[in-house]
Amino acid sequence: MDKMLDESFKNDMKFQKGRDTSFQNFMNAQPHTPTYIAKYADRELTTGLKGVTNEETEQRLDAIVRLFCNLHGRDVFIKQYSKFLSTRLLNKTSISREAEEIMLNKLKVECGLNTVNKMS
């Protein structure tokens, strides 16, 4: 689909900026969006990644982080994600320790070492 968009709009920067801004506005129109994304990440890390290849795991976690990057309420996401992470680790419901570490590393890149160290 991205290829079709690239061809149709010839990588027009105005179009790309408008598309990205519109998506960001749409996502942030509802105050519960950060919580919903954290819940989605939790579901992926408890059941959604079962039987999935490493490559697909990376893609799914990348998609969650891309959504996170568009959030204005990142602190709400981090708080909810931390709560879900604690629950997963205490109850041993995480599908993969490796996937947890990958997700934390991706978040570390986006929001900094100090924020992620508070979570783990």
# chains A, B, ... in the order shown; residues from 1 in each chain; ligands from 1

call {"tool": "residues_around", "arguments": {"residues": "Glu55 of chain A", "least_positions_apart": "5", "cutoff": "12 Å", "atoms": "only C-alpha atoms", "output": "compact mmCIF listing (two decimals) with N, CA and C atoms, in the first residue's frame"}}
result
# COMPACT_ATOMS: atom_id res chain seq x y z
N LEU A 49 1.51 -12.74 20.17
CA LEU A 49 2.75 -13.12 19.48
C LEU A 49 3.01 -14.62 19.51
N ARG A 60 5.47 -6.23 14.47
CA ARG A 60 4.33 -5.88 15.33
C ARG A 60 4.75 -4.91 16.43
N LEU A 61 5.91 -5.16 17.02
CA LEU A 61 6.38 -4.26 18.08
C LEU A 61 6.76 -2.90 17.49
N ASP A 62 7.34 -2.89 16.30
CA ASP A 62 7.63 -1.63 15.61
C ASP A 62 6.36 -0.83 15.37
N ALA A 99 10.78 -10.93 23.64
CA ALA A 99 9.88 -9.90 23.09
C ALA A 99 9.74 -8.73 24.06
N ILE A 102 12.88 -6.69 23.72
CA ILE A 102 12.88 -5.96 22.45
C ILE A 102 11.99 -4.72 22.57

call {"tool": "closest_atom_pairs", "arguments": {"of": "segment 82-101 of chain A", "to": "segment 27-42 of chain A", "cutoff": "12 Å", "atoms": "only C-alpha atoms", "output": "tab-separated table"}}
result
residue	atom	partner	partner_atom	distance
A:Ser82	CA	A:Ala38	CA	8.9
A:Lys83	CA	A:Ala38	CA	9.4
A:Phe84	CA	A:Asp42	CA	6.2
A:Leu85	CA	A:Asp42	CA	7.5
A:Ser86	CA	A:Asp42	CA	10.6
A:Thr87	CA	A:Asp42	CA	9.7
A:Arg88	CA	A:Asp42	CA	8.2
A:Leu89	CA	A:Asp42	CA	11.4
A:Thr93	CA	A:Asp42	CA	10.0
A:Ser94	CA	A:Asp42	CA	8.6
A:Ile95	CA	A:Asp42	CA	10.2
A:Ser96	CA	A:Asp42	CA	11.9
A:Ala99	CA	A:Ala41	CA	11.0
A:Glu100	CA	A:Asp42	CA	10.0

call {"tool": "closest_residue", "arguments": {"among": "A:Asp12, A:Glu101, A:Glu110, A:Asp20", "to": "Thr57 of chain A", "atoms": "only C-alpha atoms"}}
result
A:Glu101

call {"tool": "select_by_dssp", "arguments": {"residues": "chain A", "states": "helix (DSSP H, G or I)", "output": "PyMOL selection string"}}
result
chain A and resi 2-9+13-28+33-48+54-69+74-91+97-111+113-119

call {"tool": "write_last_selection", "arguments": {"atoms": "C-alpha atoms", "output": "short mmCIF file (atom, residue, chain, number, x, y, z; two decimals), in the first residue's frame"}}
result
data_model
loop_
_atom_site.label_atom_id
_atom_site.label_comp_id
_atom_site.auth_asym_id
_atom_site.auth_seq_id
_atom_site.Cartn_x
_atom_site.Cartn_y
_atom_site.Cartn_z
CA ASP A 2 2.84 2.40 0.80
CA LYS A 3 4.23 1.79 -2.66
CA MET A 4 0.89 2.78 -4.21
CA LEU A 5 0.84 5.97 -2.15
CA ASP A 6 4.41 6.75 -3.15
CA GLU A 7 3.61 6.26 -6.81
CA SER A 8 0.29 8.12 -6.67
CA PHE A 9 1.64 11.16 -4.86
CA MET A 13 6.38 16.08 1.04
CA LYS A 14 3.27 18.25 1.53
CA PHE A 15 1.06 15.21 1.15
CA GLN A 16 3.17 13.15 3.55
CA LYS A 17 3.17 15.92 6.16
CA GLY A 18 -0.60 16.39 5.80
CA ARG A 19 -1.21 12.64 6.09
CA ASP A 20 0.99 12.36 9.17
CA THR A 21 -0.53 15.41 10.85
CA SER A 22 -4.07 14.22 10.15
CA PHE A 23 -3.32 10.80 11.58
CA GLN A 24 -1.75 12.32 14.66
CA ASN A 25 -4.76 14.61 15.19
CA PHE A 26 -7.12 11.67 14.76
CA MET A 27 -5.21 9.54 17.25
CA ASN A 28 -5.00 12.24 19.87
CA THR A 33 -5.97 6.40 23.06
CA PRO A 34 -2.72 5.95 25.08
CA THR A 35 -4.46 3.47 27.38
CA TYR A 36 -5.90 1.54 24.43
CA ILE A 37 -2.49 1.29 22.77
CA ALA A 38 -0.96 0.07 26.06
CA LYS A 39 -3.73 -2.55 26.31
CA TYR A 40 -3.06 -3.62 22.74
CA ALA A 41 0.67 -3.96 23.51
CA ASP A 42 -0.22 -6.03 26.58
CA ARG A 43 -2.43 -8.34 24.53
CA GLU A 44 0.29 -8.80 21.94
CA LEU A 45 2.85 -9.63 24.62
CA THR A 46 0.57 -12.10 26.41
CA THR A 47 -1.18 -13.94 23.56
CA GLY A 48 -0.83 -12.13 20.24
CA ASN A 54 10.93 -13.29 15.11
CA GLU A 55 10.60 -11.08 12.06
CA GLU A 56 6.85 -10.69 12.50
CA THR A 57 7.35 -10.04 16.22
CA GLU A 58 9.72 -7.19 15.32
CA GLN A 59 7.20 -5.78 12.84
CA ARG A 60 4.33 -5.88 15.33
CA LEU A 61 6.38 -4.26 18.08
CA ASP A 62 7.63 -1.63 15.61
CA ALA A 63 4.01 -0.84 14.74
CA ILE A 64 3.17 -0.30 18.41
CA VAL A 65 6.17 1.99 18.84
CA ARG A 66 5.18 3.97 15.71
CA LEU A 67 1.76 4.52 17.28
CA PHE A 68 3.45 5.52 20.53
CA CYS A 69 5.54 8.09 18.66
CA ARG A 74 3.06 9.44 26.14
CA ASP A 75 3.22 9.62 29.93
CA VAL A 76 -0.22 7.97 30.16
CA PHE A 77 0.95 5.18 27.84
CA ILE A 78 4.14 4.67 29.88
CA LYS A 79 2.18 4.52 33.14
CA GLN A 80 -0.30 1.97 31.75
CA TYR A 81 2.38 -0.02 29.96
CA SER A 82 4.41 -0.20 33.20
CA LYS A 83 1.38 -1.49 35.08
CA PHE A 84 0.73 -4.15 32.42
CA LEU A 85 4.43 -5.08 32.32
CA SER A 86 4.50 -5.57 36.09
CA THR A 87 1.42 -7.78 35.93
CA ARG A 88 2.87 -9.85 33.09
CA LEU A 89 6.15 -10.37 34.90
CA LEU A 90 4.59 -11.16 38.30
CA ASN A 91 2.01 -13.55 36.87
CA ARG A 97 11.06 -12.66 27.68
CA GLU A 98 12.90 -11.79 24.47
CA ALA A 99 9.88 -9.90 23.09
CA GLU A 100 9.62 -7.97 26.37
CA GLU A 101 13.27 -6.96 26.10
CA ILE A 102 12.88 -5.96 22.45
CA MET A 103 9.89 -3.77 23.31
CA LEU A 104 11.73 -2.12 26.20
CA ASN A 105 14.72 -1.44 23.94
CA LYS A 106 12.46 0.12 21.32
CA LEU A 107 10.84 2.33 23.95
CA LYS A 108 14.29 3.21 25.28
CA VAL A 109 15.18 4.63 21.88
CA GLU A 110 12.00 6.71 21.74
CA CYS A 111 11.65 8.03 25.28
CA LEU A 113 16.94 5.41 29.20
CA ASN A 114 15.70 7.03 32.42
CA THR A 115 12.02 6.51 31.58
CA VAL A 116 12.49 2.87 30.63
CA ASN A 117 14.75 2.14 33.62
CA LYS A 118 11.88 3.19 35.88
CA MET A 119 9.73 0.53 34.19
#
